[in-house]
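Chemist: Input model_14.json, format and content: JSON, C-alpha atoms and all ligand atoms.
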[["chain", "number", "residue", "atom", "x", "y", "z"],
["A", 1, "MET", "CA", 15.51, -4.92, 16.79],
["A", 2, "THR", "CA", 14.36, -6.16, 13.37],
["A", 3, "ASP", "CA", 14.64, -3.93, 10.33],
["A", 4, "LEU", "CA", 10.89, -3.41, 10.38],
["A", 5, "SER", "CA", 10.91, -2.15, 13.97],
["A", 6, "ALA", "CA", 13.65, 0.27, 12.97],
["A", 7, "ILE", "CA", 11.65, 1.47, 9.96],
["A", 8, "VAL", "CA", 8.49, 1.97, 12.05],
["A", 9, "SER", "CA", 10.34, 3.94, 14.77],
["A", 10, "GLU", "CA", 12.17, 5.97, 12.16],
["A", 11, "ILE", "CA", 8.89, 6.93, 10.47],
["A", 12, "ALA", "CA", 7.34, 7.88, 13.83],
["A", 13, "ALA", "CA", 10.32, 10.12, 14.58],
["A", 14, "GLU", "CA", 10.12, 11.74, 11.13],
["A", 15, "MET", "CA", 6.39, 12.38, 11.50],
["A", 16, "ALA", "CA", 6.82, 13.85, 14.98],
["A", 17, "ALA", "CA", 9.11, 16.45, 13.41],
["A", 18, "ALA", "CA", 7.08, 17.08, 10.23],
["A", 19, "PRO", "CA", 6.20, 20.76, 9.83],
["A", 20, "ASP", "CA", 3.17, 20.50, 7.52],
["A", 21, "ARG", "CA", 0.57, 18.57, 9.52],
["A", 22, "GLY", "CA", -2.75, 19.49, 7.81],
["A", 23, "THR", "CA", -5.83, 20.65, 9.71],
["A", 24, "PRO", "CA", -8.01, 18.58, 12.08],
["A", 25, "ALA", "CA", -11.69, 18.31, 11.11],
["A", 26, "SER", "CA", -13.76, 20.96, 12.87],
["A", 27, "TYR", "CA", -17.33, 20.17, 11.72],
["A", 28, "ILE", "CA", -17.54, 17.55, 14.48],
["A", 29, "PRO", "CA", -16.63, 19.80, 17.45],
["A", 30, "PRO", "CA", -14.81, 17.26, 19.68],
["A", 31, "LEU", "CA", -12.46, 16.37, 16.81],
["A", 32, "ALA", "CA", -11.33, 19.99, 16.49],
["A", 33, "SER", "CA", -9.68, 19.92, 19.91],
["A", 34, "VAL", "CA", -7.44, 16.89, 19.29],
["A", 35, "ASP", "CA", -3.73, 17.84, 19.43],
["A", 36, "PRO", "CA", -2.37, 18.03, 15.84],
["A", 37, "ALA", "CA", 1.07, 17.05, 17.15],
["A", 38, "ARG", "CA", -0.12, 13.46, 17.64],
["A", 39, "PHE", "CA", 1.16, 10.70, 15.42],
["A", 40, "GLY", "CA", 0.77, 6.97, 15.92],
["A", 41, "ILE", "CA", 1.60, 3.88, 13.90],
["A", 42, "ALA", "CA", 1.06, 0.13, 14.37],
["A", 43, "VAL", "CA", 2.13, -2.65, 12.03],
["A", 44, "ILE", "CA", 0.96, -6.20, 12.75],
["A", 45, "GLU", "CA", 2.77, -8.78, 10.64],
["A", 46, "ALA", "CA", 1.11, -11.97, 9.36],
["A", 47, "ASP", "CA", 2.86, -13.97, 12.09],
["A", 48, "GLY", "CA", 1.44, -11.64, 14.76],
["A", 49, "THR", "CA", 4.58, -9.62, 15.44],
["A", 50, "ALA", "CA", 3.54, -6.08, 16.39],
["A", 51, "HIS", "CA", 5.54, -2.90, 15.80],
["A", 52, "VAL", "CA", 3.99, 0.11, 17.51],
["A", 53, "ALA", "CA", 5.48, 3.60, 17.73],
["A", 54, "GLY", "CA", 4.61, 7.21, 18.61],
["A", 55, "ASP", "CA", 1.03, 7.52, 19.90],
["A", 56, "GLY", "CA", 0.14, 4.08, 18.55],
["A", 57, "ASP", "CA", -1.60, 3.10, 21.79],
["A", 58, "MET", "CA", -3.72, 6.23, 22.14],
["A", 59, "PRO", "CA", -7.41, 5.86, 21.20],
["A", 60, "PHE", "CA", -8.79, 8.23, 18.56],
["A", 61, "SER", "CA", -12.12, 8.54, 16.73],
["A", 62, "ILE", "CA", -11.98, 6.04, 13.86],
["A", 63, "GLN", "CA", -14.90, 7.71, 12.02],
["A", 64, "SER", "CA", -15.19, 6.42, 8.44],
["A", 65, "ILE", "CA", -12.75, 3.56, 9.00],
["A", 66, "SER", "CA", -15.70, 1.94, 10.79],
["A", 67, "LYS", "CA", -17.38, 1.66, 7.36],
["A", 68, "VAL", "CA", -15.11, -1.30, 6.61],
["A", 69, "PHE", "CA", -16.44, -3.17, 9.64],
["A", 70, "SER", "CA", -20.06, -2.18, 9.08],
["A", 71, "LEU", "CA", -19.82, -3.32, 5.45],
["A", 72, "THR", "CA", -18.36, -6.64, 6.59],
["A", 73, "LEU", "CA", -21.23, -7.16, 9.04],
["A", 74, "ALA", "CA", -23.91, -6.03, 6.56],
["A", 75, "LEU", "CA", -22.56, -8.44, 3.91],
["A", 76, "GLY", "CA", -22.73, -11.16, 6.54],
["A", 77, "ALA", "CA", -26.39, -10.27, 7.17],
["A", 78, "VAL", "CA", -27.71, -10.01, 3.61],
["A", 79, "GLY", "CA", -24.91, -11.27, 1.36],
["A", 80, "ASP", "CA", -24.48, -9.97, -2.16],
["A", 81, "GLN", "CA", -28.03, -8.61, -2.16],
["A", 82, "LEU", "CA", -26.44, -5.59, -0.53],
["A", 83, "TRP", "CA", -25.18, -4.60, -3.99],
["A", 84, "THR", "CA", -28.71, -3.92, -5.20],
["A", 85, "ARG", "CA", -28.75, -0.94, -2.82],
["A", 86, "VAL", "CA", -25.13, 0.27, -2.92],
["A", 87, "GLY", "CA", -22.74, 0.57, -5.88],
["A", 88, "ARG", "CA", -19.09, -0.38, -6.20],
["A", 89, "GLU", "CA", -17.62, 2.54, -8.13],
["A", 90, "PRO", "CA", -15.45, 5.38, -6.88],
["A", 91, "SER", "CA", -17.51, 8.54, -6.54],
["A", 92, "GLY", "CA", -14.92, 11.15, -7.46],
["A", 93, "SER", "CA", -16.83, 13.36, -5.02],
["A", 94, "ALA", "CA", -16.41, 14.43, -1.41],
["A", 95, "PHE", "CA", -17.30, 11.89, 1.30],
["A", 96, "ASN", "CA", -20.48, 13.74, 2.23],
["A", 97, "SER", "CA", -21.64, 14.76, -1.26],
["A", 98, "ILE", "CA", -25.31, 14.51, -2.19],
["A", 99, "VAL", "CA", -25.12, 15.42, -5.91],
["A", 100, "GLN", "CA", -24.93, 11.94, -7.49],
["A", 101, "LEU", "CA", -27.86, 10.64, -5.43],
["A", 102, "GLU", "CA", -30.39, 12.55, -7.50],
["A", 103, "THR", "CA", -29.41, 11.23, -10.94],
["A", 104, "GLU", "CA", -28.59, 7.79, -9.54],
["A", 105, "HIS", "CA", -31.97, 7.32, -7.86],
["A", 106, "GLY", "CA", -30.84, 7.21, -4.27],
["A", 107, "ILE", "CA", -28.27, 4.41, -4.84],
["A", 108, "PRO", "CA", -24.94, 5.56, -3.36],
["A", 109, "ARG", "CA", -21.84, 4.95, -5.49],
["A", 110, "ASN", "CA", -20.05, 2.80, -2.90],
["A", 111, "PRO", "CA", -20.25, 1.70, 0.76],
["A", 112, "PHE", "CA", -17.41, 3.96, 1.91],
["A", 113, "ILE", "CA", -18.92, 7.37, 1.21],
["A", 114, "ASN", "CA", -21.35, 8.60, 3.86],
["A", 115, "ALA", "CA", -24.48, 7.82, 1.83],
["A", 116, "GLY", "CA", -23.30, 4.24, 1.24],
["A", 117, "ALA", "CA", -22.45, 3.67, 4.88],
["A", 118, "ILE", "CA", -25.86, 5.05, 5.90],
["A", 119, "VAL", "CA", -27.45, 2.33, 3.75],
["A", 120, "THR", "CA", -25.24, -0.36, 5.36],
["A", 121, "SER", "CA", -26.34, 0.98, 8.77],
["A", 122, "ASP", "CA", -29.95, 0.58, 7.62],
["A", 123, "ILE", "CA", -29.15, -3.05, 6.75],
["A", 124, "LEU", "CA", -27.54, -3.58, 10.17],
["A", 125, "LEU", "CA", -30.72, -2.37, 11.79],
["A", 126, "GLY", "CA", -32.60, -5.24, 10.14],
["A", 127, "ARG", "CA", -35.17, -6.17, 12.71],
["A", 128, "ASN", "CA", -33.05, -4.84, 15.59],
["A", 129, "ALA", "CA", -33.49, -1.77, 17.73],
["A", 130, "PRO", "CA", -30.69, 0.81, 17.17],
["A", 131, "ARG", "CA", -29.17, -0.06, 20.55],
["A", 132, "GLU", "CA", -28.83, -3.72, 19.52],
["A", 133, "ALA", "CA", -27.27, -2.90, 16.14],
["A", 134, "ILE", "CA", -24.76, -0.60, 17.86],
["A", 135, "GLY", "CA", -23.97, -3.32, 20.41],
["A", 136, "GLU", "CA", -23.43, -5.82, 17.61],
["A", 137, "MET", "CA", -20.89, -3.53, 15.91],
["A", 138, "LEU", "CA", -19.03, -2.94, 19.16],
["A", 139, "ARG", "CA", -18.88, -6.66, 19.94],
["A", 140, "PHE", "CA", -17.71, -7.42, 16.41],
["A", 141, "VAL", "CA", -14.85, -4.93, 16.50],
["A", 142, "ARG", "CA", -13.81, -6.02, 19.99],
["A", 143, "ALA", "CA", -13.73, -9.65, 18.86],
["A", 144, "LEU", "CA", -11.73, -8.80, 15.73],
["A", 145, "ALA", "CA", -9.12, -6.95, 17.76],
["A", 146, "GLY", "CA", -9.28, -9.37, 20.69],
["A", 147, "ASP", "CA", -9.64, -6.37, 22.98],
["A", 148, "GLU", "CA", -12.66, -5.73, 25.21],
["A", 149, "ALA", "CA", -11.41, -2.25, 26.11],
["A", 150, "ILE", "CA", -12.56, -0.76, 22.79],
["A", 151, "PHE", "CA", -15.40, 1.71, 23.38],
["A", 152, "ILE", "CA", -17.75, 4.13, 21.67],
["A", 153, "ASP", "CA", -17.14, 7.77, 22.56],
["A", 154, "GLU", "CA", -20.62, 9.05, 23.41],
["A", 155, "THR", "CA", -19.49, 12.70, 23.30],
["A", 156, "VAL", "CA", -18.45, 12.29, 19.68],
["A", 157, "ALA", "CA", -21.64, 10.40, 18.78],
["A", 158, "ARG", "CA", -23.79, 13.10, 20.37],
["A", 159, "ALA", "CA", -21.84, 15.91, 18.68],
["A", 160, "GLU", "CA", -22.49, 14.27, 15.31],
["A", 161, "GLN", "CA", -26.14, 13.87, 16.15],
["A", 162, "ASP", "CA", -26.32, 17.59, 16.99],
["A", 163, "THR", "CA", -24.46, 18.85, 13.92],
["A", 164, "GLY", "CA", -24.96, 16.16, 11.26],
["A", 165, "TYR", "CA", -27.24, 18.16, 8.97],
["A", 166, "ARG", "CA", -25.67, 16.80, 5.80],
["A", 167, "ASN", "CA", -25.96, 13.21, 6.95],
["A", 168, "MET", "CA", -29.61, 13.84, 7.85],
["A", 169, "ALA", "CA", -30.14, 15.25, 4.37],
["A", 170, "LEU", "CA", -28.48, 12.19, 2.79],
["A", 171, "ALA", "CA", -30.55, 9.78, 4.87],
["A", 172, "ASN", "CA", -33.86, 11.54, 4.22],
["A", 173, "TYR", "CA", -33.08, 11.88, 0.52],
["A", 174, "MET", "CA", -32.40, 8.16, 0.21],
["A", 175, "ARG", "CA", -35.54, 7.38, 2.19],
["A", 176, "ALA", "CA", -37.49, 9.39, -0.38],
["A", 177, "PHE", "CA", -36.10, 7.03, -3.06],
["A", 178, "GLY", "CA", -37.07, 3.99, -0.97],
["A", 179, "ASN", "CA", -33.44, 3.05, -0.32],
["A", 180, "LEU", "CA", -33.70, 3.44, 3.45],
["A", 181, "HIS", "CA", -36.13, 1.11, 5.20],
["A", 182, "HIS", "CA", -36.00, 2.50, 8.73],
["A", 183, "PRO", "CA", -36.59, 5.99, 10.10],
["A", 184, "ALA", "CA", -33.64, 8.26, 9.32],
["A", 185, "GLU", "CA", -33.06, 9.03, 13.04],
["A", 186, "HIS", "CA", -32.68, 5.34, 13.87],
["A", 187, "VAL", "CA", -30.32, 4.68, 10.98],
["A", 188, "LEU", "CA", -28.21, 7.72, 11.82],
["A", 189, "GLY", "CA", -28.10, 6.67, 15.46],
["A", 190, "VAL", "CA", -26.38, 3.46, 14.34],
["A", 191, "TYR", "CA", -24.16, 5.28, 11.84],
["A", 192, "PHE", "CA", -22.99, 8.01, 14.25],
["A", 193, "HIS", "CA", -22.24, 5.50, 16.97],
["A", 194, "HIS", "CA", -20.09, 3.25, 14.83],
["A", 195, "CYS", "CA", -18.24, 6.31, 13.50],
["A", 196, "ALA", "CA", -17.63, 7.28, 17.16],
["A", 197, "LEU", "CA", -15.73, 4.05, 17.94],
["A", 198, "ALA", "CA", -12.52, 5.02, 19.73],
["A", 199, "MET", "CA", -9.55, 2.81, 18.94],
["A", 200, "SER", "CA", -5.77, 3.02, 19.01],
["A", 201, "CYS", "CA", -3.60, 2.22, 15.98],
["A", 202, "ARG", "CA", -2.70, -1.09, 17.63],
["A", 203, "GLN", "CA", -6.36, -2.03, 18.15],
["A", 204, "LEU", "CA", -7.26, -0.97, 14.62],
["A", 205, "ALA", "CA", -4.42, -2.90, 12.99],
["A", 206, "LEU", "CA", -5.40, -5.96, 15.05],
["A", 207, "ALA", "CA", -9.03, -5.58, 13.95],
["A", 208, "GLY", "CA", -7.93, -5.39, 10.29],
["A", 209, "ARG", "CA", -5.98, -8.67, 10.33],
["A", 210, "TYR", "CA", -8.72, -10.66, 8.61],
["A", 211, "LEU", "CA", -8.28, -8.48, 5.52],
["A", 212, "MET", "CA", -4.57, -9.27, 5.28],
["A", 213, "ALA", "CA", -5.18, -12.98, 5.91],
["A", 214, "GLY", "CA", -7.78, -14.03, 3.33],
["A", 215, "GLY", "CA", -10.73, -13.49, 5.66],
["A", 216, "ILE", "CA", -9.34, -15.42, 8.63],
["A", 217, "ASN", "CA", -8.47, -13.97, 12.02],
["A", 218, "PRO", "CA", -4.91, -15.33, 12.22],
["A", 219, "GLU", "CA", -4.94, -15.34, 16.01],
["A", 220, "THR", "CA", -8.03, -17.48, 16.50],
["A", 221, "GLY", "CA", -8.05, -19.26, 13.11],
["A", 222, "ARG", "CA", -11.73, -18.28, 12.83],
["A", 223, "SER", "CA", -13.11, -17.36, 9.44],
["A", 224, "ILE", "CA", -14.61, -13.87, 9.53],
["A", 225, "VAL", "CA", -15.47, -13.71, 5.82],
["A", 226, "SER", "CA", -14.67, -15.88, 2.80],
["A", 227, "ALA", "CA", -11.36, -15.30, 0.98],
["A", 228, "GLN", "CA", -13.32, -13.92, -1.95],
["A", 229, "ARG", "CA", -15.13, -11.42, 0.25],
["A", 230, "ALA", "CA", -11.89, -10.28, 1.90],
["A", 231, "ARG", "CA", -10.40, -9.72, -1.56],
["A", 232, "ARG", "CA", -13.43, -7.72, -2.63],
["A", 233, "ILE", "CA", -13.43, -5.54, 0.48],
["A", 234, "ASN", "CA", -9.74, -4.84, -0.17],
["A", 235, "ALA", "CA", -10.57, -3.92, -3.78],
["A", 236, "LEU", "CA", -13.19, -1.44, -2.59],
["A", 237, "MET", "CA", -10.76, 0.02, -0.06],
["A", 238, "LEU", "CA", -8.24, 0.59, -2.84],
["A", 239, "THR", "CA", -10.72, 2.17, -5.26],
["A", 240, "CYS", "CA", -13.04, 4.01, -2.84],
["A", 241, "GLY", "CA", -11.38, 4.12, 0.62],
["A", 242, "HIS", "CA", -10.16, 7.70, 0.34],
["A", 243, "TYR", "CA", -13.17, 9.28, -1.44],
["A", 244, "ASP", "CA", -12.06, 11.67, -4.19],
["A", 245, "GLY", "CA", -8.47, 11.12, -3.03],
["A", 246, "SER", "CA", -8.53, 7.35, -3.70],
["A", 247, "GLY", "CA", -6.56, 7.57, -6.95],
["A", 248, "GLU", "CA", -3.90, 9.70, -5.30],
["A", 249, "PHE", "CA", -3.63, 7.29, -2.36],
["A", 250, "ALA", "CA", -3.23, 4.30, -4.72],
["A", 251, "PHE", "CA", -0.62, 6.27, -6.65],
["A", 252, "ARG", "CA", 1.38, 7.28, -3.59],
["A", 253, "VAL", "CA", 0.91, 4.24, -1.31],
["A", 254, "GLY", "CA", -0.41, 1.37, -3.41],
["A", 255, "LEU", "CA", -2.28, -0.48, -0.65],
["A", 256, "PRO", "CA", -5.99, -0.95, 0.07],
["A", 257, "GLY", "CA", -6.71, 1.70, 2.70],
["A", 258, "LYS", "CA", -9.61, 3.33, 4.51],
["A", 259, "SER", "CA", -9.38, 6.78, 6.03],
["A", 260, "GLY", "CA", -11.51, 8.64, 8.55],
["A", 261, "VAL", "CA", -11.87, 12.32, 9.43],
["A", 262, "GLY", "CA", -10.43, 11.55, 12.86],
["A", 263, "GLY", "CA", -7.10, 11.30, 11.01],
["A", 264, "GLY", "CA", -6.74, 7.52, 11.03],
["A", 265, "ILE", "CA", -6.01, 5.19, 8.13],
["A", 266, "LEU", "CA", -6.26, 1.39, 8.11],
["A", 267, "ALA", "CA", -4.15, -0.14, 5.34],
["A", 268, "VAL", "CA", -3.70, -3.74, 4.30],
["A", 269, "ALA", "CA", -0.69, -5.43, 2.71],
["A", 270, "PRO", "CA", -2.31, -8.76, 1.79],
["A", 271, "GLY", "CA", -0.40, -11.72, 3.19],
["A", 272, "ILE", "CA", 2.11, -9.41, 4.86],
["A", 273, "ALA", "CA", 0.71, -6.94, 7.38],
["A", 274, "SER", "CA", -2.21, -4.98, 8.76],
["A", 275, "ILE", "CA", -1.24, -1.36, 9.35],
["A", 276, "ALA", "CA", -2.87, 1.58, 11.12],
["A", 277, "VAL", "CA", -1.61, 5.16, 11.27],
["A", 278, "TRP", "CA", -3.09, 8.21, 12.93],
["A", 279, "SER", "CA", -2.45, 11.94, 12.84],
["A", 280, "PRO", "CA", -5.41, 14.33, 13.22],
["A", 281, "GLY", "CA", -4.44, 16.91, 10.59],
["A", 282, "LEU", "CA", -6.21, 16.34, 7.26],
["A", 283, "ASN", "CA", -5.41, 17.28, 3.67],
["A", 284, "GLU", "CA", -7.88, 19.09, 1.42],
["A", 285, "ARG", "CA", -9.69, 15.82, 0.61],
["A", 286, "GLY", "CA", -10.29, 15.00, 4.29],
["A", 287, "ASN", "CA", -7.61, 12.31, 4.56],
["A", 288, "SER", "CA", -4.81, 12.29, 7.13],
["A", 289, "GLN", "CA", -1.90, 14.34, 5.84],
["A", 290, "LEU", "CA", 0.86, 12.65, 7.83],
["A", 291, "GLY", "CA", -0.89, 9.29, 7.90],
["A", 292, "THR", "CA", -0.65, 9.19, 4.12],
["A", 293, "LEU", "CA", 2.96, 10.37, 4.13],
["A", 294, "ALA", "CA", 3.88, 7.76, 6.75],
["A", 295, "LEU", "CA", 2.32, 4.97, 4.69],
["A", 296, "GLU", "CA", 4.03, 6.23, 1.56],
["A", 297, "ARG", "CA", 7.38, 6.01, 3.35],
["A", 298, "LEU", "CA", 6.60, 2.61, 4.90],
["A", 299, "VAL", "CA", 5.78, 1.15, 1.51],
["A", 300, "ALA", "CA", 8.81, 2.77, -0.14],
["A", 301, "ARG", "CA", 11.09, 1.24, 2.51],
["A", 302, "THR", "CA", 9.48, -2.22, 2.63],
["A", 303, "GLY", "CA", 8.40, -2.75, -0.99],
["A", 304, "TRP", "CA", 4.89, -3.70, 0.21],
["A", 305, "SER", "CA", 2.89, -1.98, -2.54],
["A", 306, "ILE", "CA", 0.47, -4.43, -4.15],
["A", 307, "PHE", "CA", 1.83, -3.20, -7.49],
["A", 308, "GLU", "CA", 5.37, -4.30, -6.66],
["A", 309, "PRO", "CA", 6.52, -7.70, -8.01],
["A", 310, "ARG", "CA", 6.59, -10.38, -5.27],
["A", 311, "GLY", "CA", 9.63, -12.52, -4.36],
["A", 401, "LIG", "N1", -18.94, 10.54, 10.85],
["A", 401, "LIG", "C1", -18.33, 11.27, 9.78],
["A", 401, "LIG", "C2", -19.40, 11.96, 8.95],
["A", 401, "LIG", "O1", -20.42, 11.40, 8.77],
["A", 401, "LIG", "C3", -17.51, 10.35, 8.94],
["A", 401, "LIG", "C4", -16.83, 11.02, 7.79],
["A", 401, "LIG", "C5", -15.43, 10.58, 7.55],
["A", 401, "LIG", "O2", -14.75, 10.02, 8.41],
["A", 401, "LIG", "N2", -14.94, 10.92, 6.40],
["A", 401, "LIG", "O3", -19.25, 13.04, 8.47]]
Would you give me this structure, written as structure tokens?
Modeler:
Amino acid sequence: MTDLSAIVSEIAAEMAAAPDRGTPASYIPPLASVDPARFGIAVIEADGTAHVAGDGDMPFSIQSISKVFSLTLALGAVGDQLWTRVGREPSGSAFNSIVQLETEHGIPRNPFINAGAIVTSDILLGRNAPREAIGEMLRFVRALAGDEAIFIDETVARAEQDTGYRNMALANYMRAFGNLHHPAEHVLGVYFHHCALAMSCRQLALAGRYLMAGGINPETGRSIVSAQRARRINALMLTCGHYDGSGEFAFRVGLPGKSGVGGGILAVAPGIASIAVWSPGLNERGNSQLGTLALERLVARTGWSIFEPRG
């Protein structure tokens, strides 16, 4: 057993015993019934070595983590033009906030808050039907992870469709400003379905490898995005990946990371590892309570923070 395997198992054992686990999201009904005792972790090193512990092979709803993959695809479709419709600044507001949209003319602060990801979904629609755009996302994520078993949980997608009043408000509001080009229902169909992707920590960490490896999938050698684009996506994950908790996450963990209300976090140690953690209980900012703690401990024990001097 390498040191890293020992560290990963040790963290999984500590998290299994942690008393303060946060609260699972309840505004999407199927997420409320996920067992808060769950904790999973997967670390994929640059050479492909995988360390998986706890519930690291159990699929969960990746929710907003999907915004990293939809941004990657949308940039591939329209390039840097995307930035005329979405900003690149942290919002300092909740993930589903509408307040800045009024003064900022329907241009969301960044692609990782809901409003921003709704615009990237609009871009993914392009000239496609919603079903095709959803299929493209699913194929993309499966190819990144090298795993055809990844699926979209229709129950979760439907629950969001039935209860997503805020997202409908965001979409319609942006349409009023001309920053949504397709009907809100179509755009939200794409958005809710990619949020409903079900993946395990192992699958998620595999899918995130291109961000640790300068845009290249290290398994296939295929370029997914340019090195510059990978760097920029990582920068946005660091500054905006945890909504109004992004500063705190950078302070405690020091890695680019993207969270989702399903309790998952994808984190990237550039050149070193792609990491996914999952525990359904959230903190007051909607980010995984134990997922954050686990990453904080992993980084403390490995020295992987991007702010730590190298070699
Ligand atoms: N699908 C969720 C929503 O729109 C995503 C939010 C999240 O993961 N923070 O509310």
Chemist: Identify, on the basis of all atoms listed in the file, every residue whose closest approach to Ile275 of chain A does not exceed 7 Å; exclude the query and any residue fewer than 6 positions from it along the same chain; express the result as a list in words.
Modeler: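 My list of contacting residues is Ala42, Val43, Ile44, Ala205, Leu266, Ala267 and Val268 of chain A.
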Chemist: Kindly indicate which residue among A:Gly22, A:Pro59, A:Pro218, A:Gly40 lies nearest to Ala149 of chain A, using only C-alpha atoms for the distances.
Modeler: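 For Ala149 of chain A, the nearest of the candidates is A:Pro59.
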Chemist: For Asp162 of chain A, which of A:Phe95, A:Phe251, A:Tyr27, A:Phe140 is the closest residue, counting only C-alpha atoms?
Modeler: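 Distance minimum relative to Asp162 of chain A lands on A:Tyr27.
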Chemist: Find the residues near segment 77-91 of chain A: any atom within 8 Å, counting all atoms listed in the file, skip ones fewer than 5 places away on the same chain, and give them as a count of residues only.
Modeler: 18
Chemist: Could I get the residues of chain A with an atom no further than 7 Å from an atom of ligand LIG 401 (chain A), each paired with its nearest atom pair and that distance in Å to one decimal, using all atoms listed in the file, sorted by chain and residue number, as a Markdown table?
Modeler:
| residue | atom | partner | partner_atom | distance |
| --- | --- | --- | --- | --- |
| A:Gln63 | CA | A:LIG401 | O2 | 4.3 |
| A:Ser64 | CA | A:LIG401 | O2 | 3.6 |
| A:Ile65 | CA | A:LIG401 | O2 | 6.8 |
| A:Phe95 | CA | A:LIG401 | N2 | 5.7 |
| A:Asn96 | CA | A:LIG401 | O3 | 6.4 |
| A:Asn114 | CA | A:LIG401 | O1 | 5.7 |
| A:Glu160 | CA | A:LIG401 | N1 | 6.8 |
| A:Asn167 | CA | A:LIG401 | O1 | 6.1 |
| A:Phe192 | CA | A:LIG401 | N1 | 5.9 |
| A:Cys195 | CA | A:LIG401 | N1 | 5.0 |
| A:Ser259 | CA | A:LIG401 | O2 | 6.7 |
| A:Gly260 | CA | A:LIG401 | O2 | 3.5 |
| A:Val261 | CA | A:LIG401 | O2 | 3.8 |
| A:Gly262 | CA | A:LIG401 | O2 | 6.4 |
| A:Gly286 | CA | A:LIG401 | N2 | 6.5 |
